[in-house]
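Trainee: run.txt is reproduced below (compact mmCIF, C-alpha atoms).
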# COMPACT_ATOMS: atom_id res chain seq x y z
CA ASP A 91 4.59 -10.67 -7.96
CA LYS A 92 4.65 -14.47 -7.98
CA GLN A 93 4.10 -14.57 -4.23
CA LEU A 94 1.20 -12.14 -4.46
CA GLU A 95 -0.37 -14.19 -7.28
CA LYS A 96 -1.17 -17.07 -4.94
CA TYR A 97 -3.92 -14.97 -3.40
CA GLY A 98 -5.66 -14.63 -6.75
CA ARG A 99 -8.01 -11.98 -8.09
CA LEU A 100 -11.33 -11.61 -6.27
CA ASN A 101 -13.22 -10.34 -9.29
CA ALA A 102 -12.58 -8.54 -12.55
CA LYS A 103 -13.29 -5.11 -11.07
CA THR A 104 -11.02 -5.56 -8.08
CA PRO A 105 -7.36 -4.56 -8.42
CA LEU A 106 -4.76 -7.18 -7.61
CA TYR A 107 -3.39 -7.13 -4.11
CA ASN A 108 -0.89 -4.29 -4.31
CA LEU A 109 -0.18 -3.87 -0.61
CA GLY A 110 1.41 -6.69 1.25
CA LEU A 111 3.95 -8.03 3.71
CA ILE A 112 6.20 -10.63 2.13
CA ASP A 113 8.01 -13.08 4.44
CA VAL A 114 8.19 -10.43 7.17
CA SER A 115 9.71 -11.06 10.58
CA TYR A 116 10.29 -8.70 13.48
CA SER A 117 11.19 -9.26 17.12
CA ASN A 118 11.06 -6.72 19.92
CA ASN A 119 13.17 -8.01 22.79
CA SER A 120 11.93 -5.43 25.29
CA LYS A 121 11.30 -7.11 28.65
CA SER A 122 8.39 -4.78 29.32
CA ASP A 123 6.71 -5.27 25.96
CA PRO A 124 8.01 -8.33 24.08
CA LEU A 125 6.42 -8.71 20.65
CA SER A 126 7.32 -10.68 17.56
CA ILE A 127 5.96 -11.69 14.20
CA SER A 128 7.38 -14.54 12.16
CA ASN A 129 7.54 -15.07 8.39
CA ALA A 130 4.27 -13.24 7.76
CA ASP A 131 2.70 -13.17 4.30
CA ILE A 132 -0.24 -10.75 4.27
CA SER A 133 -1.89 -9.31 1.19
CA PHE A 134 -4.84 -6.94 1.33
CA LYS A 135 -7.85 -6.66 -0.94
CA MET A 136 -7.80 -3.23 -2.52
CA GLN A 137 -11.07 -1.31 -2.15
CA GLY A 138 -12.21 -3.97 0.30
CA ILE A 139 -12.53 -4.58 4.02
CA ASN A 140 -9.52 -6.32 5.57
CA ILE A 141 -9.29 -7.42 9.19
CA ILE A 142 -6.20 -8.24 11.22
CA LYS A 143 -7.28 -9.73 14.52
CA GLY A 144 -5.69 -11.26 17.58
CA ASP A 145 -5.39 -10.94 21.33
CA LYS A 146 -3.29 -8.31 23.03
CA GLY A 147 0.41 -9.01 22.54
CA CYS A 148 -0.13 -11.30 19.53
CA GLY A 149 1.84 -9.07 17.12
CA LYS A 150 -0.87 -7.17 15.24
CA ARG A 151 0.55 -3.86 16.50
CA LEU A 152 3.80 -4.71 14.74
CA VAL A 153 1.93 -5.09 11.44
CA PHE A 154 0.19 -1.76 12.07
CA ASN A 155 3.49 -0.04 12.88
CA MET A 156 5.16 -1.43 9.77
CA LEU A 157 2.33 -0.19 7.58
CA ARG A 158 2.63 3.30 9.07
CA ARG A 159 6.44 3.10 8.78
CA THR A 160 7.37 3.59 12.42
CA ILE A 161 9.37 0.34 12.32
CA ARG A 162 11.06 -1.63 9.54
CA PRO A 163 10.89 -5.40 9.23
CA GLN A 164 14.08 -7.19 10.24
CA GLN A 165 13.43 -9.67 7.44
CA GLY A 166 11.25 -9.52 4.35
CA LYS A 167 9.60 -6.60 2.57
CA VAL A 168 6.54 -4.38 2.87
CA LEU A 169 5.39 -3.42 -0.63
CA LEU A 170 2.88 -0.93 -1.98
CA ASN A 171 2.33 -1.17 -5.73
CA ASN A 172 5.36 -3.50 -5.84
CA ARG A 173 7.54 -0.75 -4.36
CA ASP A 174 9.17 -0.71 -0.94
CA LEU A 175 6.94 1.26 1.41
CA TYR A 176 9.96 3.23 2.65
CA LYS A 177 10.76 4.45 -0.88
CA TYR A 178 7.77 6.81 -0.83
CA ASP A 179 8.33 10.40 0.25
CA GLU A 180 6.16 11.65 3.13
CA ASN A 181 3.58 13.43 0.99
CA SER A 182 3.17 10.50 -1.39
CA PHE A 183 2.92 8.08 1.52
CA ASN A 184 0.22 10.13 3.28
CA ARG A 185 -1.83 10.24 0.09
CA GLU A 186 -1.75 6.46 0.03
CA ILE A 187 -2.03 5.43 3.70
CA TYR A 188 -3.47 7.13 6.78
CA TYR A 189 -4.85 5.81 10.05
CA SER A 190 -7.06 6.40 13.06
CA SER A 191 -6.81 4.76 16.47
CA SER A 192 -8.90 4.02 19.54
CA HIS A 193 -7.35 6.95 21.41
CA PRO A 194 -6.50 9.63 18.83
CA SER A 195 -4.36 12.69 19.58
CA PHE A 196 -5.67 16.18 18.91
CA VAL A 197 -4.41 19.75 18.93
CA ASP A 198 -5.75 22.08 21.62
CA GLY A 199 -8.74 23.57 19.84
CA SER A 200 -12.31 22.86 18.78
CA ILE A 201 -13.68 19.87 16.91
CA LYS A 202 -13.87 22.01 13.77
CA GLU A 203 -10.30 23.27 14.12
CA ASN A 204 -9.03 19.71 14.42
CA LEU A 205 -10.99 18.56 11.37
CA MET A 206 -9.94 21.62 9.37
CA LEU A 207 -6.32 20.53 9.71
CA MET A 208 -7.21 17.99 7.02
CA SER A 209 -9.73 19.99 4.97
CA LYS A 210 -10.98 23.59 4.95
CA ASN A 211 -14.14 22.52 3.09
CA LEU A 212 -17.01 22.67 5.62
CA LYS A 213 -19.32 20.72 3.31
CA LYS A 214 -16.77 17.93 3.14
CA ILE A 215 -16.27 18.06 6.93
CA ASN A 216 -20.02 17.74 7.53
CA ALA A 217 -20.17 14.81 5.09
CA ALA A 218 -17.35 13.01 6.91
CA CYS A 219 -19.06 13.56 10.28
CA GLU A 220 -22.31 12.23 8.84
CA ARG A 221 -20.50 9.29 7.29
CA VAL A 222 -19.11 8.01 10.61
CA GLY A 223 -22.24 8.74 12.65
CA LEU A 224 -20.69 11.70 14.47
CA LYS A 225 -22.97 14.53 13.32
CA GLN A 226 -25.88 13.70 15.62
CA HIS A 227 -23.55 13.80 18.63
CA ILE A 228 -22.05 17.12 17.57
CA ASP A 229 -25.54 18.60 17.14
CA LYS A 230 -26.33 17.76 20.78
CA LEU A 231 -23.29 19.64 22.12
CA GLN A 232 -23.96 23.14 23.42
CA ASN A 233 -21.37 24.68 21.10
CA GLY A 234 -21.76 22.11 18.34
CA ILE A 235 -18.71 21.68 16.13
CA ASP A 236 -17.04 24.61 17.92
CA THR A 237 -16.89 22.63 21.17
CA PRO A 238 -13.30 22.43 22.50
CA ILE A 239 -11.83 18.94 22.25
CA ARG A 240 -10.73 19.15 25.90
CA ASP A 241 -14.39 19.40 26.98
CA ILE A 242 -15.31 16.05 25.42
CA ARG A 243 -15.13 13.14 27.84
CA SER A 244 -16.74 10.42 25.72
CA SER A 245 -14.18 7.98 24.30
CA GLY A 246 -16.72 7.07 21.62
CA ILE A 247 -17.10 10.64 20.37
CA LEU A 248 -13.33 11.17 20.38
CA PHE A 249 -12.89 7.95 18.40
CA LEU A 250 -15.42 9.09 15.80
CA ILE A 251 -13.75 12.51 15.52
CA GLY A 252 -10.44 10.78 14.84
CA LEU A 253 -12.11 8.54 12.24
CA ALA A 254 -13.76 11.52 10.51
CA ARG A 255 -10.42 13.32 10.47
CA ALA A 256 -8.77 10.34 8.80
CA LEU A 257 -11.50 10.22 6.14
CA LEU A 258 -10.82 13.86 5.29
CA THR A 259 -7.29 12.99 4.13
CA ASP A 260 -8.67 11.25 1.02
CA CYS A 261 -6.13 8.49 1.62
CA LYS A 262 -6.51 5.41 -0.56
CA ILE A 263 -5.86 3.02 2.33
CA LEU A 264 -7.41 3.72 5.74
CA MET A 265 -6.10 1.79 8.73
CA ILE A 266 -8.20 1.69 11.90
CA TYR A 267 -6.47 0.40 15.02
CA GLU A 268 -9.04 -0.93 17.49
CA ILE A 269 -12.05 0.86 18.92
CA PRO A 270 -12.12 1.99 22.58
CA GLN A 271 -12.74 -0.87 25.01
CA ASP A 272 -15.11 1.30 27.01
CA CYS A 273 -17.00 2.34 23.89
CA PRO A 274 -20.79 1.98 24.40
CA LEU A 275 -22.60 -0.55 22.22
CA SER A 276 -24.30 2.26 20.30
CA PHE A 277 -20.91 3.54 19.11
CA LYS A 278 -19.79 0.05 18.17
CA ASN A 279 -22.95 -0.30 16.09
CA LYS A 280 -22.19 3.02 14.37
CA PHE A 281 -18.76 1.70 13.48
CA LYS A 282 -20.24 -1.53 12.11
CA LYS A 283 -22.61 0.52 9.98
CA PHE A 284 -19.68 2.59 8.72
CA ILE A 285 -17.78 -0.57 7.78
CA SER A 286 -20.71 -2.43 6.20
CA SER A 287 -21.97 0.55 4.18
CA LYS A 288 -18.59 1.51 2.74
CA ARG A 289 -19.39 3.57 -0.34
CA GLU A 290 -16.04 4.87 -1.45
CA ASP A 291 -13.19 3.35 -3.45
CA ARG A 292 -11.03 3.08 -0.37
CA THR A 293 -9.21 0.13 1.16
CA ILE A 294 -9.92 -0.39 4.87
CA ILE A 295 -7.64 -2.35 7.19
CA PHE A 296 -9.13 -2.83 10.66
CA PHE A 297 -7.09 -4.16 13.58
CA THR A 298 -9.11 -5.71 16.38
CA HIS A 299 -9.12 -8.32 19.13
CA GLU A 300 -12.80 -9.14 18.52
CA SER A 301 -14.37 -11.64 16.12
CA GLU A 302 -17.77 -9.99 15.76
CA PHE A 303 -16.62 -7.98 12.75
CA ASP A 304 -15.50 -10.99 10.69
CA ASP A 305 -18.75 -11.25 8.71
CA LEU A 306 -18.25 -7.68 7.43
CA ALA A 307 -14.81 -8.40 5.97
CA ASP A 308 -13.57 -9.58 2.60
CA ILE A 309 -10.38 -10.95 4.14
CA VAL A 310 -9.57 -11.85 7.75
CA TYR A 311 -6.13 -12.66 9.09
CA GLU A 312 -5.61 -13.95 12.61
CA ILE A 313 -2.35 -13.54 14.49
CA GLU A 314 -1.53 -15.86 17.35
CA SER A 315 1.79 -15.53 19.15
CA GLY A 316 3.38 -13.86 16.12
CA ASN A 317 2.13 -16.38 13.57
CA VAL A 318 -0.27 -15.21 10.86
CA LYS A 319 -2.93 -17.29 9.15
CA GLN A 320 -5.67 -16.30 6.74
CA ILE A 321 -9.04 -17.52 8.04
CA LYS A 322 -11.35 -15.89 5.50
CA ALA A 323 -11.15 -14.76 1.88
CA LYS A 324 -14.50 -13.87 0.33
CA ASN A 325 -14.93 -14.91 -3.33
CA LYS A 326 -11.35 -16.13 -3.54
CA THR A 327 -10.31 -17.74 -6.83
CA ASN A 328 -7.25 -19.79 -7.68
Just give me the structure of the file as structure tokens.

Mentor:
Amino acid sequence: DKQLEKYGRLNAKTPLYNLGLIDVSYSNNSKSDPLSISNADISFKMQGINIIKGDKGCGKRLVFNMLRRTIRPQQGKVLLNNRDLYKYDENSFNREIYYSSSHPSFVDGSIKENLMLMSKNLKKINAACERVGLKQHIDKLQNGIDTPIRDIRSSGILFLIGLARALLTDCKILMIYEIPQDCPLSFKNKFKKFISSKREDRTIIFFTHESEFDDLADIVYEIESGNVKQIKAKNKTN
């Protein structure tokens, strides 16, 4: 708690930072994919926009993997509500944290079938598609929302489907790992609109190698060669 206090309270309506990495270190000694992160202190603004940025190989993927519990830190702790992230059972964890990525995986079926894995409510599905800017693309497809996933070649549409699917989980913390590098500018603008017009009480953590999203964020951390520094904290108080 004392270490989290140094980041302060952003305003009276904003919860204290209750997700964070405290003095975390991890080193992957793989010759093919060496990655490390050293003594990282990262605390996220709840119900805000948080960005973790850095070039390929800087270590941001390690932070992402720790937050989705595929690896454990070799030193330090990852805490959610002052509780070790690994103490949560799977159902409780998924209610708290979920993610989408630049190249999401899908089951062999239609767009609707993939989205219905998270919610059977068609009204809610349509709202999520509208929310991420996907609906207008679905409406242009010959079979609409019943179009098989395997027939979609656009990386941008697949990314938005994955993002809509993540929204349908009702998770409290949504992590988004990159957007496709070959994503057209129009899709990038849709994503910016999604970020900037966030209307729900949900924490967003966006991992990226680009700086053009910084102005949309409440907090920005930059990772360089495994070292983390905070470069922006909107409305920060001591």

Trainee: Give me the residues near Ile295 (chain A) as a VMD selection string, where near means some atom within 6 Å (using all atoms listed in the file) and where sequence neighbours in that chain fewer than 4 positions away do not count.

Mentor: chain A and resid 140 to 141 265

Trainee: Please indicate the distance in Å from CA of Ile215 (chain A) to CA of Gln137 (chain A), rounded to one decimal place.

Mentor: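 Here the two named atoms are 22.0 Å from each other.
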
Trainee: Under the rule that only C-alpha atoms are counted, which of A:Leu257, A:Ile228, A:Cys148, A:Met206 is the nearest residue to Leu125 (chain A)?

Mentor: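 So, comparing all the options, the nearest one is A:Cys148.
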
Trainee: Which residues, protein or nucleic acid, reach to within 10 Å of (-15.7, 17.5, 22.8) in the file's coordinates when using all atoms listed in the file, and can you give that as a list in words?

Mentor: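 Taken together, the residues in range are Gly199, Ser200, Ile201, His227, Ile228, Leu231, Asn233, Gly234, Ile235, Asp236, Thr237, Pro238, Ile239, Arg240, Asp241, Ile242, Arg243, Ser244, Ser245, Ile247, Leu248 and Ile251 of chain A.
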
Trainee: Output C-alpha atoms for every residue in that selection, as a short mmCIF file (atom, residue, chain, number, x, y, z; two decimals), keeping the file's coordinate frame.

Mentor:
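Now in again.cif:
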data_model
loop_
_atom_site.label_atom_id
_atom_site.label_comp_id
_atom_site.auth_asym_id
_atom_site.auth_seq_id
_atom_site.Cartn_x
_atom_site.Cartn_y
_atom_site.Cartn_z
CA GLY A 199 -8.74 23.57 19.84
CA SER A 200 -12.31 22.86 18.78
CA ILE A 201 -13.68 19.87 16.91
CA HIS A 227 -23.55 13.80 18.63
CA ILE A 228 -22.05 17.12 17.57
CA LEU A 231 -23.29 19.64 22.12
CA ASN A 233 -21.37 24.68 21.10
CA GLY A 234 -21.76 22.11 18.34
CA ILE A 235 -18.71 21.68 16.13
CA ASP A 236 -17.04 24.61 17.92
CA THR A 237 -16.89 22.63 21.17
CA PRO A 238 -13.30 22.43 22.50
CA ILE A 239 -11.83 18.94 22.25
CA ARG A 240 -10.73 19.15 25.90
CA ASP A 241 -14.39 19.40 26.98
CA ILE A 242 -15.31 16.05 25.42
CA ARG A 243 -15.13 13.14 27.84
CA SER A 244 -16.74 10.42 25.72
CA SER A 245 -14.18 7.98 24.30
CA ILE A 247 -17.10 10.64 20.37
CA LEU A 248 -13.33 11.17 20.38
CA ILE A 251 -13.75 12.51 15.52
#

Trainee: Excluding Gln164 (chain A) and any residue of its chain fewer than 2 positions from it, enumerate the residues within 12 Å of it, using all atoms listed in the file, and give them as a list in words.

Mentor: Ile112, Asp113, Val114, Ser115, Tyr116, Ser117, Asn118, Ser126, Ile127, Ser128, Asn129, Ala130, Leu152, Met156, Ile161, Arg162, Gly166, Lys167 and Val168 of chain A

Trainee: Hey, can you spit out that residue selection with C-alpha atoms as a PDB file, keeping the file's coordinate frame?

Mentor:
ATOM      1  CA  ILE A 112       6.200 -10.630   2.130  1.00  0.00           C
ATOM      2  CA  ASP A 113       8.010 -13.080   4.440  1.00  0.00           C
ATOM      3  CA  VAL A 114       8.190 -10.430   7.170  1.00  0.00           C
ATOM      4  CA  SER A 115       9.710 -11.060  10.580  1.00  0.00           C
ATOM      5  CA  TYR A 116      10.290  -8.700  13.480  1.00  0.00           C
ATOM      6  CA  SER A 117      11.190  -9.260  17.120  1.00  0.00           C
ATOM      7  CA  ASN A 118      11.060  -6.720  19.920  1.00  0.00           C
ATOM      8  CA  SER A 126       7.320 -10.680  17.560  1.00  0.00           C
ATOM      9  CA  ILE A 127       5.960 -11.690  14.200  1.00  0.00           C
ATOM     10  CA  SER A 128       7.380 -14.540  12.160  1.00  0.00           C
ATOM     11  CA  ASN A 129       7.540 -15.070   8.390  1.00  0.00           C
ATOM     12  CA  ALA A 130       4.270 -13.240   7.760  1.00  0.00           C
ATOM     13  CA  LEU A 152       3.800  -4.710  14.740  1.00  0.00           C
ATOM     14  CA  MET A 156       5.160  -1.430   9.770  1.00  0.00           C
ATOM     15  CA  ILE A 161       9.370   0.340  12.320  1.00  0.00           C
ATOM     16  CA  ARG A 162      11.060  -1.630   9.540  1.00  0.00           C
ATOM     17  CA  GLY A 166      11.250  -9.520   4.350  1.00  0.00           C
ATOM     18  CA  LYS A 167       9.600  -6.600   2.570  1.00  0.00           C
ATOM     19  CA  VAL A 168       6.540  -4.380   2.870  1.00  0.00           C
TER      20      VAL A 168
END

Trainee: Hey, which of A:Tyr188, A:Tyr176, A:Phe249, A:Phe297 ends up closest to Pro274 (chain A)? Count only C-alpha atoms.

Mentor: A:Phe249

Trainee: Kindly give the distance, in Å, that separates CA of Asp145 (chain A) and CA of Glu312 (chain A), rounded to a single decimal.

Mentor: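 So the answer is 9.2 Å.
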